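Q: Dropping in my_file.tsv, with TSV, C-alpha atoms.
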chain	number	residue	atom	x	y	z
A	1	MET	CA	-101.96	12.00	101.20
A	2	GLY	CA	-105.71	12.27	100.72
A	3	GLY	CA	-106.13	8.56	101.37
A	4	SER	CA	-104.29	8.86	104.66
A	5	ARG	CA	-106.55	11.69	105.77
A	6	ASP	CA	-109.62	9.66	104.82
A	7	ARG	CA	-108.39	6.65	106.80
A	8	ALA	CA	-107.63	8.84	109.82
A	9	SER	CA	-111.09	10.39	109.57
A	10	ASP	CA	-112.72	6.94	109.36
A	11	GLU	CA	-110.77	5.72	112.38
A	12	HIS	CA	-111.78	8.80	114.33
A	13	THR	CA	-115.43	8.22	113.42
A	14	VAL	CA	-115.24	4.59	114.55
A	15	ARG	CA	-113.58	5.53	117.84
A	16	ARG	CA	-116.19	8.20	118.49
A	17	PHE	CA	-119.02	5.76	117.73
A	18	ASP	CA	-117.49	3.19	120.10
A	19	HIS	CA	-117.19	5.85	122.80
A	20	GLU	CA	-120.82	6.93	122.36
A	21	LEU	CA	-121.98	3.31	122.47
A	22	GLN	CA	-120.03	2.76	125.68
A	23	ASP	CA	-121.66	5.86	127.18
A	24	LEU	CA	-125.09	4.47	126.30
A	25	SER	CA	-124.24	1.08	127.80
A	26	ALA	CA	-123.00	2.73	131.00
A	27	LEU	CA	-126.20	4.77	131.28
A	28	VAL	CA	-128.32	1.63	130.88
A	29	MET	CA	-126.35	-0.13	133.62
A	30	ARG	CA	-126.74	2.85	135.97
A	31	MET	CA	-130.46	2.84	135.27
A	32	GLY	CA	-130.55	-0.87	136.05
A	33	GLY	CA	-128.78	-0.28	139.34
A	34	LEU	CA	-131.26	2.43	140.25
A	35	VAL	CA	-134.37	0.37	139.56
A	36	GLU	CA	-132.87	-2.51	141.54
A	37	GLU	CA	-132.42	-0.10	144.46
A	38	GLN	CA	-136.02	1.05	144.00
A	39	ILE	CA	-137.33	-2.49	144.29
A	40	GLY	CA	-135.26	-3.08	147.41
A	41	ALA	CA	-136.42	0.16	149.01
A	42	ALA	CA	-140.06	-0.57	148.19
A	43	MET	CA	-139.82	-4.03	149.74
A	44	ARG	CA	-138.07	-2.66	152.85
A	45	ALA	CA	-140.88	-0.14	153.26
A	46	LEU	CA	-143.41	-2.96	152.97
A	47	ARG	CA	-141.65	-5.12	155.55
A	48	ALA	CA	-141.20	-2.17	157.92
A	49	GLU	CA	-144.84	-1.11	157.44
A	50	ASP	CA	-143.45	2.36	156.72
A	51	PRO	CA	-145.53	4.65	154.43
A	52	GLU	CA	-142.94	7.44	154.66
A	53	GLN	CA	-140.21	5.21	153.29
A	54	ALA	CA	-142.60	4.17	150.53
A	55	ARG	CA	-143.16	7.83	149.64
A	56	GLU	CA	-139.41	8.24	149.17
A	57	VAL	CA	-139.50	5.46	146.57
A	58	ILE	CA	-142.28	7.24	144.72
A	59	ALA	CA	-140.40	10.54	144.85
A	60	ARG	CA	-137.33	8.94	143.21
A	61	ASP	CA	-139.24	7.49	140.28
A	62	HIS	CA	-138.75	10.69	138.27
A	63	VAL	CA	-135.00	9.95	138.22
A	64	VAL	CA	-135.69	6.64	136.47
A	65	ASN	CA	-137.92	8.43	133.97
A	66	PHE	CA	-135.26	11.08	133.32
A	67	MET	CA	-132.65	8.41	132.63
A	68	GLN	CA	-135.02	6.82	130.10
A	69	VAL	CA	-135.32	10.15	128.29
A	70	GLN	CA	-131.53	10.55	128.28
A	71	ALA	CA	-131.05	7.06	126.87
A	72	ASP	CA	-133.70	7.55	124.20
A	73	GLU	CA	-132.01	10.76	123.06
A	74	GLN	CA	-128.64	9.01	122.81
A	75	ILE	CA	-130.19	6.16	120.83
A	76	VAL	CA	-131.83	8.52	118.35
A	77	ASN	CA	-128.52	10.33	117.83
A	78	LEU	CA	-126.62	7.10	117.30
A	79	LEU	CA	-129.15	5.84	114.77
A	80	ALA	CA	-129.47	9.13	112.89
A	81	LEU	CA	-125.83	10.19	112.79
A	82	ARG	CA	-123.96	6.86	112.67
A	83	GLN	CA	-126.39	4.66	110.72
A	84	PRO	CA	-125.03	1.47	112.34
A	85	MET	CA	-125.42	-1.96	110.79
A	86	GLY	CA	-125.08	-5.59	111.86
A	87	ARG	CA	-124.10	-6.22	115.46
A	88	ASP	CA	-123.77	-2.51	116.25
A	89	LEU	CA	-127.39	-2.01	115.24
A	90	ARG	CA	-128.48	-5.00	117.30
A	91	MET	CA	-126.61	-3.58	120.28
A	92	ILE	CA	-128.40	-0.24	120.05
A	93	MET	CA	-131.79	-1.90	119.55
A	94	SER	CA	-131.20	-4.25	122.50
A	95	LEU	CA	-130.14	-1.40	124.78
A	96	GLY	CA	-133.18	0.62	123.72
A	97	LYS	CA	-135.54	-2.23	124.53
A	98	THR	CA	-133.75	-2.80	127.83
A	99	VAL	CA	-134.30	0.85	128.77
A	100	THR	CA	-138.04	0.43	128.19
A	101	ASP	CA	-138.16	-2.67	130.38
A	102	LEU	CA	-136.14	-0.98	133.13
A	103	GLU	CA	-138.51	1.98	133.16
A	104	ARG	CA	-141.41	-0.43	133.58
A	105	VAL	CA	-139.59	-2.21	136.39
A	106	GLY	CA	-139.31	1.20	138.05
A	107	ASP	CA	-143.06	1.60	137.64
A	108	GLU	CA	-143.63	-1.72	139.38
A	109	ALA	CA	-141.41	-0.65	142.30
A	110	GLU	CA	-143.42	2.55	142.54
A	111	ARG	CA	-146.65	0.52	142.48
A	112	ILE	CA	-145.45	-1.62	145.39
A	113	ALA	CA	-144.65	1.56	147.30
A	114	ARG	CA	-148.11	2.95	146.60
A	115	MET	CA	-149.72	-0.27	147.77
A	116	THR	CA	-147.63	-0.07	150.97
A	117	ILE	CA	-149.01	3.40	151.65
A	118	HIS	CA	-152.53	2.18	150.93
A	119	ILE	CA	-152.16	-0.81	153.26
A	120	TYR	CA	-150.49	0.92	156.21
A	121	ASN	CA	-152.03	4.37	156.14
A	122	THR	CA	-154.62	3.08	158.62
A	123	PRO	CA	-152.68	1.20	161.34
A	124	ALA	CA	-155.84	-0.26	162.85
A	125	LEU	CA	-156.55	-2.19	159.65
A	126	VAL	CA	-153.14	-3.71	158.88
A	127	PRO	CA	-153.16	-7.23	157.40
A	128	ALA	CA	-151.96	-10.36	159.14
A	129	PRO	CA	-148.28	-11.08	158.28
A	130	ARG	CA	-149.16	-14.36	156.60
A	131	LEU	CA	-151.03	-12.50	153.87
A	132	LEU	CA	-147.75	-10.95	152.69
A	133	ARG	CA	-145.37	-13.82	153.45
A	134	ASP	CA	-144.87	-14.77	149.80
A	135	THR	CA	-143.72	-11.29	148.81
A	136	GLY	CA	-140.29	-11.88	150.36
A	137	SER	CA	-139.35	-15.00	148.39
A	138	MET	CA	-140.81	-13.63	145.17
A	139	SER	CA	-138.96	-10.32	145.48
A	140	ARG	CA	-135.64	-12.11	146.09
A	141	LEU	CA	-136.10	-14.23	142.98
A	142	ALA	CA	-137.27	-11.31	140.83
A	143	VAL	CA	-134.36	-9.08	141.89
A	144	ALA	CA	-131.86	-11.90	141.33
A	145	MET	CA	-133.25	-12.42	137.83
A	146	LEU	CA	-132.97	-8.71	137.05
A	147	ARG	CA	-129.42	-8.47	138.41
A	148	ASP	CA	-128.31	-11.54	136.47
A	149	ALA	CA	-129.99	-10.30	133.27
A	150	LEU	CA	-128.09	-7.01	133.46
A	151	ASP	CA	-124.87	-8.91	134.19
A	152	ALA	CA	-125.52	-11.12	131.15
A	153	LEU	CA	-126.05	-8.00	129.06
A	154	ALA	CA	-122.83	-6.41	130.32
A	155	ARG	CA	-120.81	-9.58	129.61
A	156	LEU	CA	-122.83	-10.70	126.55
A	157	ASP	CA	-123.27	-14.08	128.24
A	158	VAL	CA	-125.81	-16.12	126.26
A	159	ALA	CA	-125.69	-19.14	128.59
A	160	GLN	CA	-126.58	-16.97	131.58
A	161	ALA	CA	-129.31	-15.23	129.59
A	162	LEU	CA	-130.91	-18.55	128.67
A	163	ALA	CA	-130.78	-19.67	132.31
A	164	ILE	CA	-132.68	-16.53	133.34
A	165	ALA	CA	-135.36	-17.14	130.74
A	166	ARG	CA	-135.88	-20.61	132.19
A	167	ARG	CA	-136.02	-19.28	135.79
A	168	ASP	CA	-139.03	-17.17	134.87
A	169	ALA	CA	-141.11	-20.35	135.04
A	170	GLU	CA	-140.03	-20.75	138.69
A	171	LEU	CA	-141.24	-17.25	139.51
A	172	ASP	CA	-144.54	-17.88	137.72
A	173	ALA	CA	-145.02	-21.07	139.74
A	174	GLU	CA	-144.38	-19.18	143.00
A	175	PHE	CA	-146.92	-16.58	141.94
A	176	GLN	CA	-149.61	-19.18	141.26
A	177	ALA	CA	-148.89	-20.96	144.56
A	178	ALA	CA	-149.14	-17.64	146.42
A	179	LEU	CA	-152.50	-16.92	144.80
A	180	ARG	CA	-153.82	-20.30	145.94
A	181	ARG	CA	-152.73	-19.57	149.51
A	182	LEU	CA	-154.39	-16.17	149.41
A	183	ALA	CA	-157.62	-17.79	148.24
A	184	THR	CA	-157.64	-20.02	151.32
A	185	PHE	CA	-157.34	-16.95	153.56
A	186	ILE	CA	-160.51	-15.54	152.02
A	187	LEU	CA	-162.33	-18.81	152.61
A	188	GLU	CA	-161.21	-18.80	156.23
A	189	ASP	CA	-162.37	-15.24	156.83
A	190	PRO	CA	-164.19	-13.10	154.21
A	191	ARG	CA	-162.90	-10.00	156.00
A	192	ASN	CA	-159.52	-10.78	154.44
A	193	VAL	CA	-160.80	-9.88	150.96
A	194	GLY	CA	-159.49	-6.31	150.92
A	195	HIS	CA	-156.02	-7.20	152.17
A	196	THR	CA	-155.88	-10.19	149.83
A	197	ILE	CA	-156.50	-7.91	146.85
A	198	ASN	CA	-153.71	-5.60	148.02
A	199	ALA	CA	-151.33	-8.53	148.42
A	200	THR	CA	-152.25	-9.80	144.97
A	201	PHE	CA	-151.33	-6.47	143.38
A	202	ILE	CA	-147.91	-6.58	145.05
A	203	LEU	CA	-147.30	-10.17	143.99
A	204	LYS	CA	-148.34	-9.33	140.43
A	205	SER	CA	-145.83	-6.45	140.34
A	206	LEU	CA	-143.08	-8.84	141.41
A	207	GLU	CA	-144.12	-11.35	138.77
A	208	ARG	CA	-143.98	-8.60	136.13
A	209	ILE	CA	-140.48	-7.61	137.26
A	210	GLY	CA	-139.45	-11.18	136.50
A	211	ASP	CA	-141.06	-10.89	133.07
A	212	HIS	CA	-139.03	-7.76	132.33
A	213	ALA	CA	-135.84	-9.49	133.49
A	214	LYS	CA	-136.64	-12.34	131.11
A	215	ASN	CA	-137.15	-9.83	128.29
A	216	ILE	CA	-133.69	-8.36	128.91
A	217	ALA	CA	-132.19	-11.84	128.87
A	218	GLU	CA	-133.84	-12.49	125.52
A	219	TYR	CA	-132.36	-9.26	124.12
A	220	VAL	CA	-128.92	-10.62	125.03
A	221	VAL	CA	-129.56	-13.71	122.91
A	222	TYR	CA	-130.74	-11.51	120.04
A	223	LEU	CA	-127.72	-9.24	120.35
A	224	VAL	CA	-125.12	-12.01	120.40
A	225	LYS	CA	-126.74	-14.64	118.19
A	226	GLY	CA	-129.02	-12.54	115.99
A	227	LYS	CA	-131.96	-14.79	116.92
A	228	ASP	CA	-135.30	-13.57	118.24
A	229	VAL	CA	-136.32	-16.00	121.00
A	230	ARG	CA	-139.11	-13.94	122.54
A	231	HIS	CA	-141.81	-16.44	121.57
A	232	VAL	CA	-139.75	-19.60	121.94
A	233	SER	CA	-140.28	-21.77	125.00
A	234	PRO	CA	-137.19	-22.17	127.21
A	235	GLU	CA	-137.40	-25.96	126.83
A	236	SER	CA	-136.91	-25.71	123.05
A	237	LEU	CA	-133.77	-23.59	123.28
A	238	GLY	CA	-131.21	-26.29	122.51
A	239	ARG	CA	-127.45	-26.48	122.69
A	240	ASP	CA	-127.24	-25.48	119.03
A	241	LEU	CA	-128.16	-21.91	119.99
A	242	LEU	CA	-125.26	-21.71	122.40
A	243	GLU	CA	-122.85	-23.13	119.86
A	244	SER	CA	-124.08	-21.28	116.77
A	245	ARG	CA	-122.47	-18.10	115.46
A	246	ALA	CA	-124.39	-14.89	114.80
Please, can you express the file's structure as structure tokens?

A:
Amino acid sequence: MGGSRDRASDEHTVRRFDHELQDLSALVMRMGGLVEEQIGAAMRALRAEDPEQAREVIARDHVVNFMQVQADEQIVNLLALRQPMGRDLRMIMSLGKTVTDLERVGDEAERIARMTIHIYNTPALVPAPRLLRDTGSMSRLAVAMLRDALDALARLDVAQALAIARRDAELDAEFQAALRRLATFILEDPRNVGHTINATFILKSLERIGDHAKNIAEYVVYLVKGKDVRHVSPESLGRDLLESRA
């Protein structure tokens, strides 16, 4: 009789742990959706030359921060009360790191919004459209990387995660090309210096969003395969990683 009660208690504990882990995963995905919306709203404000819309992005950043606090509390409780091991521990660690990256993505969206206010607060001094033309393509790539990284995390898709890590090089190349174009604008007219600096800050925020998406993709590899690939070049990630077992 006592053994039956012990088994029932163990099963209840496992079910409760699984439920708490699912709650944490759902919170992380909601946070990811929110920061994606923040990036989109910040870029729409930039394209519309709308400081008021940019201020709305800044005002919502506290929601992202609150979700980070909630997730951190859940992670601490799971670690302290459940003492997970193996893949469960890797899952909690990966979700915790993802939360940190998502909060930083939110910071980059807020920074783009602040730069929009700075640029368009004085209508008489707005930059020529060509100075900001690269922000559109870079934002689309960065957001796609973030969305795919979160999808890979939700589905534990290592192949997709590795593809995202490789796409980061494409975003870096776009960033470098954009900087070269901005440099030519300064040479053409030194009065473009101020606006060029502003554009550079926005482009750098988009490049960092891609970096955070790559980080999340690397956590997926760690979670599923138990391998830390943060300092491994995408070119050296061979087929053996996809075929190996954690």

Q: Measure the distance from atom CA of A:Leu79 to atom CA of A:Leu27 in Å and round it to one decimal.

A: 16.8 Å

Q: So that I can check the surroundings of stretch 194-197 of chain A, please list as an MDAnalysis selection string every protein, DNA and RNA residue that reaches within 12 Å of it, counting all atoms listed in the file and ignoring chain neighbours fewer than 3 positions away.

A: chainID A and resid 115:116 118:120 125:134 178:191 200:204

Q: Pick the closest to A:Ser94 from A:Gly136, A:Ala45, A:Ala59, A:Ile75: which is it, counting all atoms listed in the file?

A: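 Using all atoms listed in the file, A:Ser94 sits closest to A:Ile75.
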
Q: Hey, which of A:Ala113, A:Ile58, A:Leu81, A:Ile216 ends up closest to A:Leu46? Count only C-alpha atoms.

A: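 Smallest distance to A:Leu46 is found for A:Ala113.
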
Q: So which one's closest to A:Asp148, A:Ala161, A:Val221, A:Glu36, A:Glu170? Using all atoms listed in the file, please.

A: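 Closest residue, counting all atoms listed in the file: A:Ala161.
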
Q: Can you pull out every residue within 9 Å of A:Ala71, counting only C-alpha atoms, but drop anything in the same chain fewer than 4 positions away, and send it as a list in words?

A: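 Non-adjacent residues within range: Leu24, Leu27, Val28, Phe66, Met67, Ile75, Val76, Leu95, Gly96 and Val99 of chain A.
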
Q: For A:Lys214, which residue among A:Arg111, A:Arg147, A:Lys227, A:Arg15 is the nearest when counting all atoms listed in the file?

A: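 Of the candidates, the smallest distance to A:Lys214 is held by A:Arg147.
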
Q: Determine the nearest neighbour of A:Arg82 from the options A:Glu20, A:Asp172, A:Glu207, A:Asp157, counting only C-alpha atoms.

A: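 Distance minimum relative to A:Arg82 lands on A:Glu20.
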
Q: Name the residues in contact with A:Val64 at a cut-off of 7 Å, using only C-alpha atoms, excluding same-chain residues fewer than 2 positions from it; report them as a VMD selection string.

A: chain A and resid 31 61 to 62 66 to 68 103 106

Q: Pick out the closest residue to A:Glu174 from this set: A:Leu102, A:Ala142, A:Ala26, A:Val229. Count only C-alpha atoms.

A: A:Ala142

Q: What are the centre and the three edge lengths of an axis-aligned box that wraps all atoms of stretch 38-56 of chain A in the file, given that 4 Å is added to every side, written as JSON and rounded to one decimal in Å?

A:
{"center_x": -140.4, "center_y": 1.6, "center_z": 151.0, "size_x": 18.3, "size_y": 21.4, "size_z": 21.9}

Q: Residues within 8 Å of (-129.4, -5.8, 129.9), file coordinates, counting all atoms listed in the file: what are they? Give the list as a ChimeraX atom specification.

A: /A:28-29,32,94-95,98,149-154,216-217,219-220

Q: Atom CA of A:Ala109 and atom CA of A:Gln53, how far apart in Å?

A: 12.5 Å

Q: Do you have the atom CA of A:Glu108-atom CA of A:Gln74 distance handy?

A: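 Distance between the two atoms: 24.8 Å.
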
Q: Excluding A:Ile209 and residues on its chain fewer than 3 positions from it, collect all residues at most 8 Å away from it, counting all atoms listed in the file, and give them as a count of residues only.

A: 9

Q: Taking the partial coordinates given, rebuild stretch 94-105 of chain A to contain all heavy atoms; return it as a CSV table (one decimal), in the coordinates of the input.

A:
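Dumped to selection_18.csv:
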chain,number,residue,atom,x,y,z
A,94,SER,N,-131.1,-3.5,121.2
A,94,SER,CA,-131.2,-4.2,122.5
A,94,SER,C,-131.1,-3.3,123.7
A,94,SER,O,-131.9,-3.5,124.7
A,94,SER,CB,-130.1,-5.3,122.6
A,94,SER,OG,-130.2,-6.2,121.5
A,95,LEU,N,-130.2,-2.4,123.7
A,95,LEU,CA,-130.1,-1.4,124.8
A,95,LEU,C,-131.4,-0.6,124.9
A,95,LEU,O,-131.9,-0.3,126.0
A,95,LEU,CB,-128.9,-0.5,124.6
A,95,LEU,CG,-127.6,-1.2,124.8
A,95,LEU,CD1,-126.4,-0.3,124.4
A,95,LEU,CD2,-127.4,-1.7,126.2
A,96,GLY,N,-131.9,-0.2,123.7
A,96,GLY,CA,-133.2,0.6,123.7
A,96,GLY,C,-134.3,-0.1,124.3
A,96,GLY,O,-135.1,0.4,125.1
A,97,LYS,N,-134.5,-1.4,124.0
A,97,LYS,CA,-135.5,-2.2,124.5
A,97,LYS,C,-135.3,-2.5,126.0
A,97,LYS,O,-136.3,-2.5,126.8
A,97,LYS,CB,-135.6,-3.6,123.8
A,97,LYS,CG,-136.2,-3.4,122.4
A,97,LYS,CD,-136.2,-4.8,121.7
A,97,LYS,CE,-136.7,-4.7,120.2
A,97,LYS,NZ,-138.2,-4.3,120.2
A,98,THR,N,-134.1,-2.6,126.4
A,98,THR,CA,-133.8,-2.8,127.8
A,98,THR,C,-134.2,-1.6,128.6
A,98,THR,O,-134.7,-1.7,129.7
A,98,THR,CB,-132.2,-3.1,128.0
A,98,THR,OG1,-131.9,-4.3,127.4
A,98,THR,CG2,-131.9,-3.1,129.5
A,99,VAL,N,-133.9,-0.4,128.1
A,99,VAL,CA,-134.3,0.8,128.8
A,99,VAL,C,-135.8,0.9,129.0
A,99,VAL,O,-136.3,1.2,130.1
A,99,VAL,CB,-133.9,2.1,127.9
A,99,VAL,CG1,-134.6,3.3,128.4
A,99,VAL,CG2,-132.4,2.3,128.0
A,100,THR,N,-136.6,0.5,128.0
A,100,THR,CA,-138.0,0.4,128.2
A,100,THR,C,-138.5,-0.5,129.3
A,100,THR,O,-139.3,-0.2,130.1
A,100,THR,CB,-138.7,0.0,126.9
A,100,THR,OG1,-138.4,1.0,125.8
A,100,THR,CG2,-140.2,-0.1,127.0
A,101,ASP,N,-137.8,-1.7,129.3
A,101,ASP,CA,-138.2,-2.7,130.4
A,101,ASP,C,-137.7,-2.2,131.8
A,101,ASP,O,-138.5,-2.3,132.7
A,101,ASP,CB,-137.5,-4.0,130.1
A,101,ASP,CG,-138.3,-4.9,129.1
A,101,ASP,OD1,-139.3,-5.5,129.6
A,101,ASP,OD2,-138.0,-4.9,127.9
A,102,LEU,N,-136.6,-1.5,131.8
A,102,LEU,CA,-136.1,-1.0,133.1
A,102,LEU,C,-137.1,0.1,133.6
A,102,LEU,O,-137.4,0.2,134.8
A,102,LEU,CB,-134.7,-0.4,133.0
A,102,LEU,CG,-133.6,-1.5,132.8
A,102,LEU,CD1,-132.3,-0.8,132.6
A,102,LEU,CD2,-133.6,-2.4,134.0
A,103,GLU,N,-137.6,0.9,132.7
A,103,GLU,CA,-138.5,2.0,133.2
A,103,GLU,C,-139.8,1.3,133.7
A,103,GLU,O,-140.4,1.8,134.7
A,103,GLU,CB,-138.8,2.9,132.0
A,103,GLU,CG,-139.6,4.2,132.3
A,103,GLU,CD,-141.1,3.9,132.4
A,103,GLU,OE1,-141.6,3.0,131.7
A,103,GLU,OE2,-141.8,4.7,133.1
A,104,ARG,N,-140.2,0.3,133.1
A,104,ARG,CA,-141.4,-0.4,133.6
A,104,ARG,C,-141.2,-1.1,134.9
A,104,ARG,O,-142.1,-1.2,135.7
A,104,ARG,CB,-141.9,-1.4,132.5
A,104,ARG,CG,-142.5,-0.7,131.3
A,104,ARG,CD,-142.8,-1.5,130.1
A,104,ARG,NE,-143.4,-0.8,129.0
A,104,ARG,CZ,-143.6,-1.2,127.8
A,104,ARG,NH1,-143.3,-2.5,127.5
A,104,ARG,NH2,-144.0,-0.5,126.9
A,105,VAL,N,-139.9,-1.6,135.1
A,105,VAL,CA,-139.6,-2.2,136.4
A,105,VAL,C,-139.7,-1.1,137.5
A,105,VAL,O,-140.2,-1.3,138.6
A,105,VAL,CB,-138.2,-2.8,136.4
A,105,VAL,CG1,-137.7,-3.2,137.8
A,105,VAL,CG2,-138.2,-4.1,135.5
